[in-house]
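Listing of start_37.txt, compact mmCIF, C-alpha atoms
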# COMPACT_ATOMS: atom_id res chain seq x y z
CA MET A 1 2.40 43.38 -30.99
CA ASN A 2 5.06 40.75 -30.50
CA THR A 3 3.08 38.58 -28.12
CA GLY A 4 2.41 36.33 -31.12
CA ILE A 5 6.00 35.04 -31.20
CA THR A 6 6.00 34.58 -27.43
CA THR A 7 2.85 32.49 -27.63
CA TYR A 8 4.32 30.40 -30.44
CA THR A 9 7.49 29.89 -28.40
CA TYR A 10 5.40 28.62 -25.49
CA LEU A 11 3.38 26.32 -27.73
CA VAL A 12 6.47 24.87 -29.41
CA TYR A 13 8.10 24.43 -25.98
CA LEU A 14 5.07 22.54 -24.70
CA ALA A 15 4.86 20.36 -27.79
CA ILE A 16 8.55 19.38 -27.68
CA SER A 17 8.58 18.83 -23.88
CA ILE A 18 5.45 16.70 -23.86
CA ALA A 19 6.63 14.63 -26.82
CA LEU A 20 10.02 14.05 -25.18
CA THR A 21 8.48 13.09 -21.84
CA ILE A 22 6.13 10.61 -23.48
CA TRP A 23 8.97 9.10 -25.50
CA VAL A 24 11.24 8.61 -22.44
CA ALA A 25 8.37 7.27 -20.32
CA ARG A 26 7.45 4.73 -23.02
CA THR A 27 11.05 3.62 -23.33
CA LEU A 28 11.25 3.14 -19.56
CA HIS A 29 7.95 1.31 -19.49
CA LYS A 30 8.90 -1.06 -22.29
CA ASN A 31 12.44 -1.87 -21.19
CA GLY A 32 12.00 -1.67 -17.43
CA ARG A 33 9.48 -4.50 -17.44
CA VAL A 34 12.12 -7.20 -18.00
CA PHE A 35 14.03 -5.98 -14.91
CA LEU A 36 10.94 -5.94 -12.74
CA VAL A 37 9.76 -9.40 -13.82
CA ASP A 38 13.20 -10.67 -12.79
CA VAL A 39 13.07 -8.79 -9.46
CA PHE A 40 9.66 -10.24 -8.60
CA HIS A 41 10.72 -13.76 -9.57
CA GLY A 42 8.45 -13.99 -12.61
CA ASN A 43 5.40 -12.50 -10.87
CA GLU A 44 4.23 -10.64 -13.97
CA PRO A 45 1.06 -8.97 -12.64
CA LEU A 46 3.06 -7.45 -9.77
CA ALA A 47 5.87 -6.38 -12.11
CA ASP A 48 3.39 -4.73 -14.48
CA SER A 49 1.71 -2.96 -11.60
CA VAL A 50 4.97 -1.56 -10.19
CA ASN A 51 6.10 -0.64 -13.70
CA HIS A 52 2.92 1.31 -14.29
CA LEU A 53 3.18 3.10 -10.95
CA LEU A 54 6.77 4.10 -11.67
CA VAL A 55 5.77 5.53 -15.04
CA VAL A 56 2.93 7.50 -13.48
CA GLY A 57 5.39 9.04 -11.02
CA PHE A 58 7.74 9.79 -13.88
CA TYR A 59 5.00 11.59 -15.82
CA LEU A 60 3.92 13.59 -12.77
CA ILE A 61 7.40 14.84 -11.95
CA ASN A 62 8.28 15.69 -15.53
CA PHE A 63 5.04 17.39 -16.46
CA GLY A 64 5.24 19.24 -13.15
CA TYR A 65 8.68 20.52 -14.08
CA VAL A 66 7.66 21.37 -17.66
CA SER A 67 4.69 23.33 -16.35
CA LEU A 68 6.70 25.19 -13.69
CA ALA A 69 9.47 26.08 -16.13
CA LEU A 70 7.14 27.41 -18.77
CA LYS A 71 7.21 31.10 -17.88
CA LEU A 72 9.81 33.13 -19.78
CA GLY A 73 9.41 36.42 -17.91
CA TYR A 74 9.87 38.60 -20.95
CA THR A 75 8.24 39.18 -24.33
CA VAL A 76 9.98 37.56 -27.26
CA ALA A 77 10.57 40.21 -29.93
CA THR A 78 12.27 38.29 -32.73
CA THR A 79 12.34 34.73 -34.04
CA GLN A 80 16.01 34.51 -32.99
CA GLU A 81 15.09 35.32 -29.39
CA GLY A 82 12.30 32.78 -29.59
CA ILE A 83 14.65 30.01 -30.70
CA GLU A 84 17.19 30.93 -28.03
CA ALA A 85 14.54 30.89 -25.33
CA LEU A 86 13.33 27.53 -26.63
CA SER A 87 16.81 26.02 -26.59
CA VAL A 88 17.33 26.99 -22.93
CA LYS A 89 13.93 25.68 -21.84
CA VAL A 90 14.07 22.45 -23.84
CA GLY A 91 17.68 21.91 -22.71
CA MET A 92 16.59 22.10 -19.08
CA VAL A 93 13.73 19.69 -19.72
CA LEU A 94 16.16 17.29 -21.39
CA LEU A 95 18.53 17.42 -18.42
CA VAL A 96 15.69 16.81 -15.95
CA LEU A 97 14.43 13.92 -18.09
CA GLY A 98 17.95 12.48 -18.25
CA GLY A 99 18.35 12.79 -14.48
CA MET A 100 14.99 11.13 -13.87
CA HIS A 101 15.83 8.39 -16.34
CA PHE A 102 19.07 7.51 -14.58
CA PHE A 103 17.31 7.70 -11.23
CA ASN A 104 14.79 5.14 -12.52
CA LEU A 105 17.57 2.89 -13.78
CA PHE A 106 19.22 3.17 -10.36
CA ILE A 107 15.98 2.09 -8.68
CA PHE A 108 15.59 -0.86 -11.05
CA SER A 109 19.14 -2.09 -10.50
CA ARG A 110 18.94 -1.63 -6.74
CA MET A 111 15.69 -3.62 -6.59
CA ARG A 112 17.33 -6.36 -8.61
CA ARG A 113 20.39 -6.48 -6.36
CA ARG A 114 18.24 -6.54 -3.23
CA ALA A 115 16.18 -9.42 -4.62
CA SER A 116 19.24 -11.46 -5.49
CA LEU A 117 20.58 -11.06 -1.92
CA VAL A 118 17.68 -12.98 -0.38
CA ASN A 119 19.00 -16.29 -1.67
CA GLY A 120 22.65 -15.45 -1.03
CA PRO A 121 24.99 -17.96 0.62
CA PRO A 122 26.65 -17.31 4.03
CA PRO A 123 29.41 -14.69 3.72
CA VAL A 124 32.05 -16.77 5.52
CA PRO A 125 32.84 -20.50 5.84
CA PRO A 126 32.23 -22.03 9.30
CA ASP A 127 35.07 -22.56 11.81
CA GLY A 128 33.90 -26.13 12.41
CA PHE A 129 30.95 -28.39 12.96
CA THR A 130 29.30 -29.66 16.11
CA GLN A 131 26.58 -32.15 16.86
CA VAL A 132 23.14 -30.62 17.40
CA ALA A 133 20.95 -32.37 19.95
CA GLN A 134 17.34 -32.92 18.90
CA GLU A 135 15.12 -30.54 20.81
CA ALA A 136 12.57 -32.25 23.01
CA MET B 1 20.03 -23.01 6.56
CA SER B 2 16.84 -21.76 8.20
CA ALA B 3 17.95 -20.80 11.72
CA LEU B 4 21.01 -19.59 13.60
CA THR B 5 21.49 -20.07 17.32
CA VAL B 6 23.34 -17.16 18.94
CA LEU B 7 25.21 -18.03 22.13
CA TYR B 8 25.47 -14.61 23.77
CA ASP B 9 26.97 -13.39 27.02
CA PRO B 10 24.05 -12.42 29.30
CA THR B 11 26.37 -10.77 31.84
CA CYS B 12 27.44 -7.97 29.47
CA GLY B 13 25.27 -4.88 28.98
CA LEU B 14 26.41 -4.32 25.42
CA CYS B 15 25.42 -7.87 24.42
CA ARG B 16 22.01 -7.53 26.03
CA ARG B 17 21.43 -4.22 24.27
CA ALA B 18 22.50 -5.82 20.98
CA HIS B 19 20.13 -8.71 21.64
CA GLU B 20 17.31 -6.24 22.24
CA TRP B 21 18.11 -4.42 18.98
CA LEU B 22 18.29 -7.67 17.02
CA THR B 23 14.85 -8.82 18.13
CA GLY B 24 13.36 -5.74 16.44
CA GLN B 25 15.07 -6.34 13.09
CA ARG B 26 13.53 -8.06 10.08
CA LYS B 27 15.30 -11.34 9.46
CA LEU B 28 15.99 -13.53 6.46
CA VAL B 29 17.16 -16.35 8.74
CA GLU B 30 15.63 -16.97 12.15
CA LEU B 31 17.83 -16.06 15.13
CA VAL B 32 17.52 -18.06 18.36
CA PHE B 33 19.21 -16.55 21.43
CA VAL B 34 20.62 -18.85 24.08
CA PRO B 35 22.82 -17.58 26.96
CA CYS B 36 26.32 -19.03 26.66
CA LYS B 37 27.44 -21.67 29.21
CA SER B 38 23.79 -22.16 30.20
CA GLU B 39 22.22 -25.56 30.79
CA GLU B 40 20.17 -25.10 27.62
CA ALA B 41 23.31 -24.47 25.56
CA ARG B 42 25.02 -27.55 26.98
CA GLN B 43 22.01 -29.70 26.20
CA LEU B 44 21.72 -28.38 22.65
CA TYR B 45 25.41 -28.79 21.82
CA PRO B 46 26.89 -31.59 23.96
CA GLN B 47 30.18 -31.71 22.04
CA LEU B 48 30.91 -27.99 22.06
CA ASP B 49 33.67 -26.41 24.20
CA HIS B 50 31.42 -24.11 26.23
CA ASP B 51 34.25 -22.22 27.94
CA LEU B 52 35.28 -20.95 24.50
CA THR B 53 31.78 -19.60 23.82
CA ALA B 54 32.09 -17.28 26.83
CA LYS B 55 35.20 -15.66 25.35
CA ASP B 56 33.79 -14.86 21.95
CA LEU B 57 30.35 -14.63 20.37
CA THR B 58 29.43 -18.02 18.91
CA VAL B 59 26.78 -18.69 16.31
CA ILE B 60 25.69 -22.18 15.30
CA SER B 61 23.50 -23.00 12.31
CA ASP B 62 20.70 -25.55 12.48
CA GLU B 63 23.01 -27.86 10.53
CA GLY B 64 25.70 -27.63 13.20
CA ALA B 65 28.12 -25.24 11.45
CA VAL B 66 29.97 -23.25 14.11
CA TYR B 67 31.04 -19.63 13.59
CA ILE B 68 33.24 -17.95 16.19
CA GLY B 69 34.08 -14.29 16.86
CA PRO B 70 34.15 -12.00 13.79
CA LYS B 71 32.61 -14.74 11.64
CA ALA B 72 29.75 -15.03 14.11
CA TRP B 73 29.14 -11.27 13.90
CA LEU B 74 29.09 -11.46 10.11
CA MET B 75 26.62 -14.35 10.22
CA VAL B 76 24.29 -12.36 12.48
CA LEU B 77 24.48 -9.40 10.05
CA TRP B 78 23.85 -11.78 7.18
CA ALA B 79 20.67 -12.99 8.88
CA LEU B 80 19.19 -9.45 8.86
CA ALA B 81 17.25 -8.35 5.80
CA GLN B 82 18.54 -4.78 6.07
CA TYR B 83 22.21 -5.69 6.58
CA ARG B 84 22.88 -8.75 4.43
CA GLU B 85 24.62 -6.51 1.90
CA TRP B 86 26.91 -5.25 4.66
CA ALA B 87 27.80 -8.80 5.65
CA TYR B 88 29.05 -9.42 2.11
CA ARG B 89 30.80 -6.05 1.96
CA LEU B 90 32.59 -6.55 5.29
CA SER B 91 33.65 -10.09 4.41
CA THR B 92 35.45 -9.20 1.17
CA PRO B 93 39.21 -9.92 1.28
CA GLU B 94 39.92 -6.17 1.40
CA LEU B 95 37.73 -5.47 4.43
CA LEU B 96 37.84 -8.75 6.36
CA PRO B 97 41.09 -7.95 8.25
CA THR B 98 39.67 -4.61 9.41
CA THR B 99 36.39 -6.26 10.35
CA ARG B 100 38.27 -8.83 12.42
CA ARG B 101 40.28 -6.17 14.22
CA VAL B 102 37.30 -3.96 15.01
CA VAL B 103 35.12 -6.86 16.13
CA SER B 104 37.86 -8.31 18.35
CA LEU B 105 38.46 -4.92 19.89
CA ILE B 106 34.78 -4.45 20.73
CA SER B 107 34.45 -8.04 21.89
CA GLN B 108 37.46 -7.91 24.24
CA ASN B 109 36.38 -4.60 25.74
CA ARG B 110 32.66 -5.30 25.88
CA TYR B 111 32.37 -4.96 29.66
CA GLN B 112 34.23 -1.63 29.65
CA ILE B 113 32.12 -0.36 26.73
CA GLY B 114 28.96 -1.44 28.50
CA ARG B 115 30.06 0.34 31.67
CA ALA B 116 31.21 3.48 29.83
CA THR B 117 27.90 3.80 28.03
CA ARG B 118 25.99 2.93 31.22
CA LEU B 119 24.26 0.07 29.45
CA SER B 120 25.04 -2.32 32.29
CA ARG B 121 23.73 0.08 34.91
CA ARG B 122 20.54 0.64 32.97
CA TRP B 123 20.08 -3.08 32.85
CA GLN B 124 20.71 -3.47 36.55
CA ASN B 125 18.20 -0.73 37.25
CA SER B 126 15.54 -2.28 35.08
CA GLY B 127 16.29 -5.59 36.79
CA GLN B 128 15.65 -3.97 40.16
CA THR B 129 12.40 -2.41 39.06
CA MET B 130 11.30 -5.77 37.76
CA ALA B 131 12.23 -7.39 41.07
CA ARG B 132 10.08 -4.90 42.94
Can the structure from this file be put into structure tokens for me?
Amino acid sequence: MNTGITTYTYLVYLAISIALTIWVARTLHKNGRVFLVDVFHGNEPLADSVNHLLVVGFYLINFGYVSLALKLGYTVATTQEGIEALSVKVGMVLLVLGGMHFFNLFIFSRMRRRASLVNGPPPVPPDGFTQVAQEA
Amino acid sequence: MSALTVLYDPTCGLCRRAHEWLTGQRKLVELVFVPCKSEEARQLYPQLDHDLTAKDLTVISDEGAVYIGPKAWLMVLWALAQYREWAYRLSTPELLPTTRRVVSLISQNRYQIGRATRLSRRWQNSGQTMAR
């Protein structure tokens, strides 16, 4: 009799989770590009490609989580229960999204740091200079 | 700077093992290994005090900049793609004194370390098998 509310809870959960995931992924995609272009020294096709691949991974992990966390395990009897169940589920999705988002930021910044190291100067000044013979 | 010449001590097992490990690492700057006090080293660097190079690891850039002891170790780390970050980390004012102490300790006791870890013996053995 009350399976109607349960179904609605599931549907609302899916709608909110999917919308949130798409929003975060788009934000990452749009703002991560600048980082990646810098990392790949202006190589825009490569930056776009990596950006796209990162977003695909992001979608896979998040939708995977949303799908796995869908099941409530009990029948929702009242609207109040439905909203409570929703808040727990959506809260978890938000936390996972937040974690993934920071993980992505971490990857971006680490790539940038790595790239800037390649042209780094020697860490210490020399103790002196000597003449180098020309090799035969 | 595009290359670093490493004047290493071929008589110490630890140094030879390190040399072996370094050849397998990805490099940002080319590393050339020349045994210290060898004829090749004397020809390459006629003005260098070669007795000093036997005491401590010496690294010389293709422009003639000489790095001795702990600085030489840091330069070798800096040349490796995987460890350049560590070279910067270990050469900060906070960590440099510790780096110097640890490197000097290892450097001064390299023969004992090599013997204790049986690196020298392994090398002698492989030398014998090669001779056969």
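Atom CA of B:Arg110 lies 7.8 Å from atom CA of B:Cys15.
Atom CA of B:Val6 to atom CA of A:Gln131 spans 15.5 Å [interatomic distance, one decimal].
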Selected residue of minimal separation from chain A among B:Arg84, B:Lys37, B:Arg16, B:His50, counting all atoms listed in the file
B:Arg84
Could you pull out every residue with an atom within 12 Å of (24.8, -8.9, 3.2), file coordinates, counting all atoms listed in the file, and send them as a ChimeraX atom specification?
/A:113-124 /B:27-28,73-92
Under the rule that all atoms listed in the file are counted, which of A:Phe40, A:Phe63, A:Phe102, A:Phe35 is the nearest residue to A:Leu14?
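Between A:Phe40, A:Phe63, A:Phe102, A:Phe35, the residue approaching A:Leu14 most closely is A:Phe63.
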Rounded to one decimal in Å, what is the spacing between atom CA of A:Asn104 and atom CA of A:Arg26?
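Answer for the atom CA of A:Asn104 to atom CA of A:Arg26 separation: 12.8 Å.
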Wanna dump the chain B-chain A contacts at 6 Å for me, each residue with its shortest atom pair and the distance in Å to one decimal, counting only C-alpha atoms, ordered by chain and number, as CSV?
residue,atom,partner,partner_atom,distance
B:Leu44,CA,A:Ala133,CA,4.9
B:Tyr45,CA,A:Val132,CA,5.3
B:Gly64,CA,A:Thr130,CA,5.1
B:Ala65,CA,A:Phe129,CA,4.5
B:Val66,CA,A:Gly128,CA,5.2
B:Tyr67,CA,A:Pro126,CA,5.1
B:Tyr88,CA,A:Pro123,CA,5.5
Can you pull out every residue within 10 Å of stretch 43-51 of chain A, counting only C-alpha atoms, but drop anything in the same chain fewer than 3 positions away, and send it as a PDB file with C-alpha atoms, keeping the file's coordinate frame?
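Result went into selection_22.pdb, see below:
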ATOM      1  CA  LEU A  28      11.250   3.140 -19.560  1.00  0.00           C
ATOM      2  CA  HIS A  29       7.950   1.310 -19.490  1.00  0.00           C
ATOM      3  CA  LYS A  30       8.900  -1.060 -22.290  1.00  0.00           C
ATOM      4  CA  ASN A  31      12.440  -1.870 -21.190  1.00  0.00           C
ATOM      5  CA  GLY A  32      12.000  -1.670 -17.430  1.00  0.00           C
ATOM      6  CA  ARG A  33       9.480  -4.500 -17.440  1.00  0.00           C
ATOM      7  CA  VAL A  34      12.120  -7.200 -18.000  1.00  0.00           C
ATOM      8  CA  PHE A  35      14.030  -5.980 -14.910  1.00  0.00           C
ATOM      9  CA  LEU A  36      10.940  -5.940 -12.740  1.00  0.00           C
ATOM     10  CA  VAL A  37       9.760  -9.400 -13.820  1.00  0.00           C
ATOM     11  CA  ASP A  38      13.200 -10.670 -12.790  1.00  0.00           C
ATOM     12  CA  VAL A  39      13.070  -8.790  -9.460  1.00  0.00           C
ATOM     13  CA  PHE A  40       9.660 -10.240  -8.600  1.00  0.00           C
ATOM     14  CA  LEU A  54       6.770   4.100 -11.670  1.00  0.00           C
ATOM     15  CA  VAL A  55       5.770   5.530 -15.040  1.00  0.00           C
ATOM     16  CA  VAL A  56       2.930   7.500 -13.480  1.00  0.00           C
ATOM     17  CA  PHE A 108      15.590  -0.860 -11.050  1.00  0.00           C
TER      18      PHE A 108
END
Tell me which protein, DNA and RNA residues are within 10 Å of A:Ala69, counting all atoms listed in the file, leaving out same-chain ones fewer than 4 positions away, and put them as a ChimeraX atom specification.
/A:63-65,89-90,92-93
Point (10.0, 38.3, -20.5) neighbourhood (12 Å, all atoms listed in the file) written as a list in words:
Asn2, Thr3, Ile5, Thr6, Thr7, Thr9, Tyr10, Leu70, Lys71, Leu72, Gly73, Tyr74, Thr75, Val76, Ala77, Glu81, Gly82 and Ala85 of chain A
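Minimum distance to B:Leu52 across B:Ile106, B:Ile68, B:Glu30, B:Thr99 (counting only C-alpha atoms) occurs at B:Ile68.
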Generate the missing atoms of stretch 55-78 of chain B up to N, CA and C atoms and report them as a short mmCIF file (atom, residue, chain, number, x, y, z; two decimals), keeping the file's coordinate frame.
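Written output follows (out-v6.cif):
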data_model
loop_
_atom_site.label_atom_id
_atom_site.label_comp_id
_atom_site.auth_asym_id
_atom_site.auth_seq_id
_atom_site.Cartn_x
_atom_site.Cartn_y
_atom_site.Cartn_z
N LYS B 55 34.16 -16.63 25.74
CA LYS B 55 35.20 -15.66 25.35
C LYS B 55 34.77 -14.85 24.15
N ASP B 56 34.15 -15.53 23.19
CA ASP B 56 33.79 -14.86 21.95
C ASP B 56 32.37 -15.26 21.56
N LEU B 57 31.70 -14.34 20.86
CA LEU B 57 30.35 -14.63 20.37
C LEU B 57 30.40 -15.87 19.48
N THR B 58 29.48 -16.80 19.72
CA THR B 58 29.43 -18.02 18.91
C THR B 58 28.05 -18.16 18.29
N VAL B 59 28.05 -18.49 17.02
CA VAL B 59 26.78 -18.69 16.31
C VAL B 59 26.82 -20.07 15.68
N ILE B 60 25.73 -20.83 15.84
CA ILE B 60 25.69 -22.18 15.30
C ILE B 60 24.44 -22.33 14.43
N SER B 61 24.64 -22.84 13.21
CA SER B 61 23.50 -23.00 12.31
C SER B 61 22.72 -24.25 12.69
N ASP B 62 21.51 -24.37 12.15
CA ASP B 62 20.70 -25.55 12.48
C ASP B 62 21.32 -26.83 11.92
N GLU B 63 22.32 -26.67 11.05
CA GLU B 63 23.01 -27.86 10.53
C GLU B 63 24.27 -28.18 11.33
N GLY B 64 24.56 -27.35 12.34
CA GLY B 64 25.70 -27.63 13.20
C GLY B 64 26.98 -26.90 12.82
N ALA B 65 26.93 -26.02 11.82
CA ALA B 65 28.12 -25.24 11.45
C ALA B 65 28.38 -24.20 12.53
N VAL B 66 29.62 -24.15 13.02
CA VAL B 66 29.97 -23.25 14.11
C VAL B 66 30.75 -22.05 13.58
N TYR B 67 30.34 -20.86 13.96
CA TYR B 67 31.04 -19.63 13.59
C TYR B 67 31.45 -18.91 14.87
N ILE B 68 32.73 -18.55 14.95
CA ILE B 68 33.24 -17.95 16.19
C ILE B 68 33.76 -16.55 15.93
N GLY B 69 33.52 -15.65 16.90
CA GLY B 69 34.08 -14.29 16.86
C GLY B 69 33.60 -13.49 15.67
N PRO B 70 34.54 -12.87 14.91
CA PRO B 70 34.15 -12.00 13.79
C PRO B 70 33.23 -12.72 12.79
N LYS B 71 33.49 -14.00 12.56
CA LYS B 71 32.61 -14.74 11.64
C LYS B 71 31.20 -14.82 12.18
N ALA B 72 31.07 -14.96 13.49
CA ALA B 72 29.75 -15.03 14.11
C ALA B 72 29.02 -13.70 13.92
N TRP B 73 29.74 -12.60 14.09
CA TRP B 73 29.14 -11.27 13.90
C TRP B 73 28.64 -11.13 12.47
N LEU B 74 29.47 -11.56 11.52
CA LEU B 74 29.09 -11.46 10.11
C LEU B 74 27.86 -12.31 9.82
N MET B 75 27.78 -13.48 10.45
CA MET B 75 26.62 -14.35 10.22
C MET B 75 25.34 -13.71 10.76
N VAL B 76 25.46 -13.03 11.91
CA VAL B 76 24.29 -12.36 12.48
C VAL B 76 23.84 -11.23 11.54
N LEU B 77 24.80 -10.47 11.02
CA LEU B 77 24.48 -9.40 10.05
C LEU B 77 23.81 -9.99 8.82
N TRP B 78 24.35 -11.12 8.38
CA TRP B 78 23.85 -11.78 7.18
C TRP B 78 22.39 -12.23 7.36
#
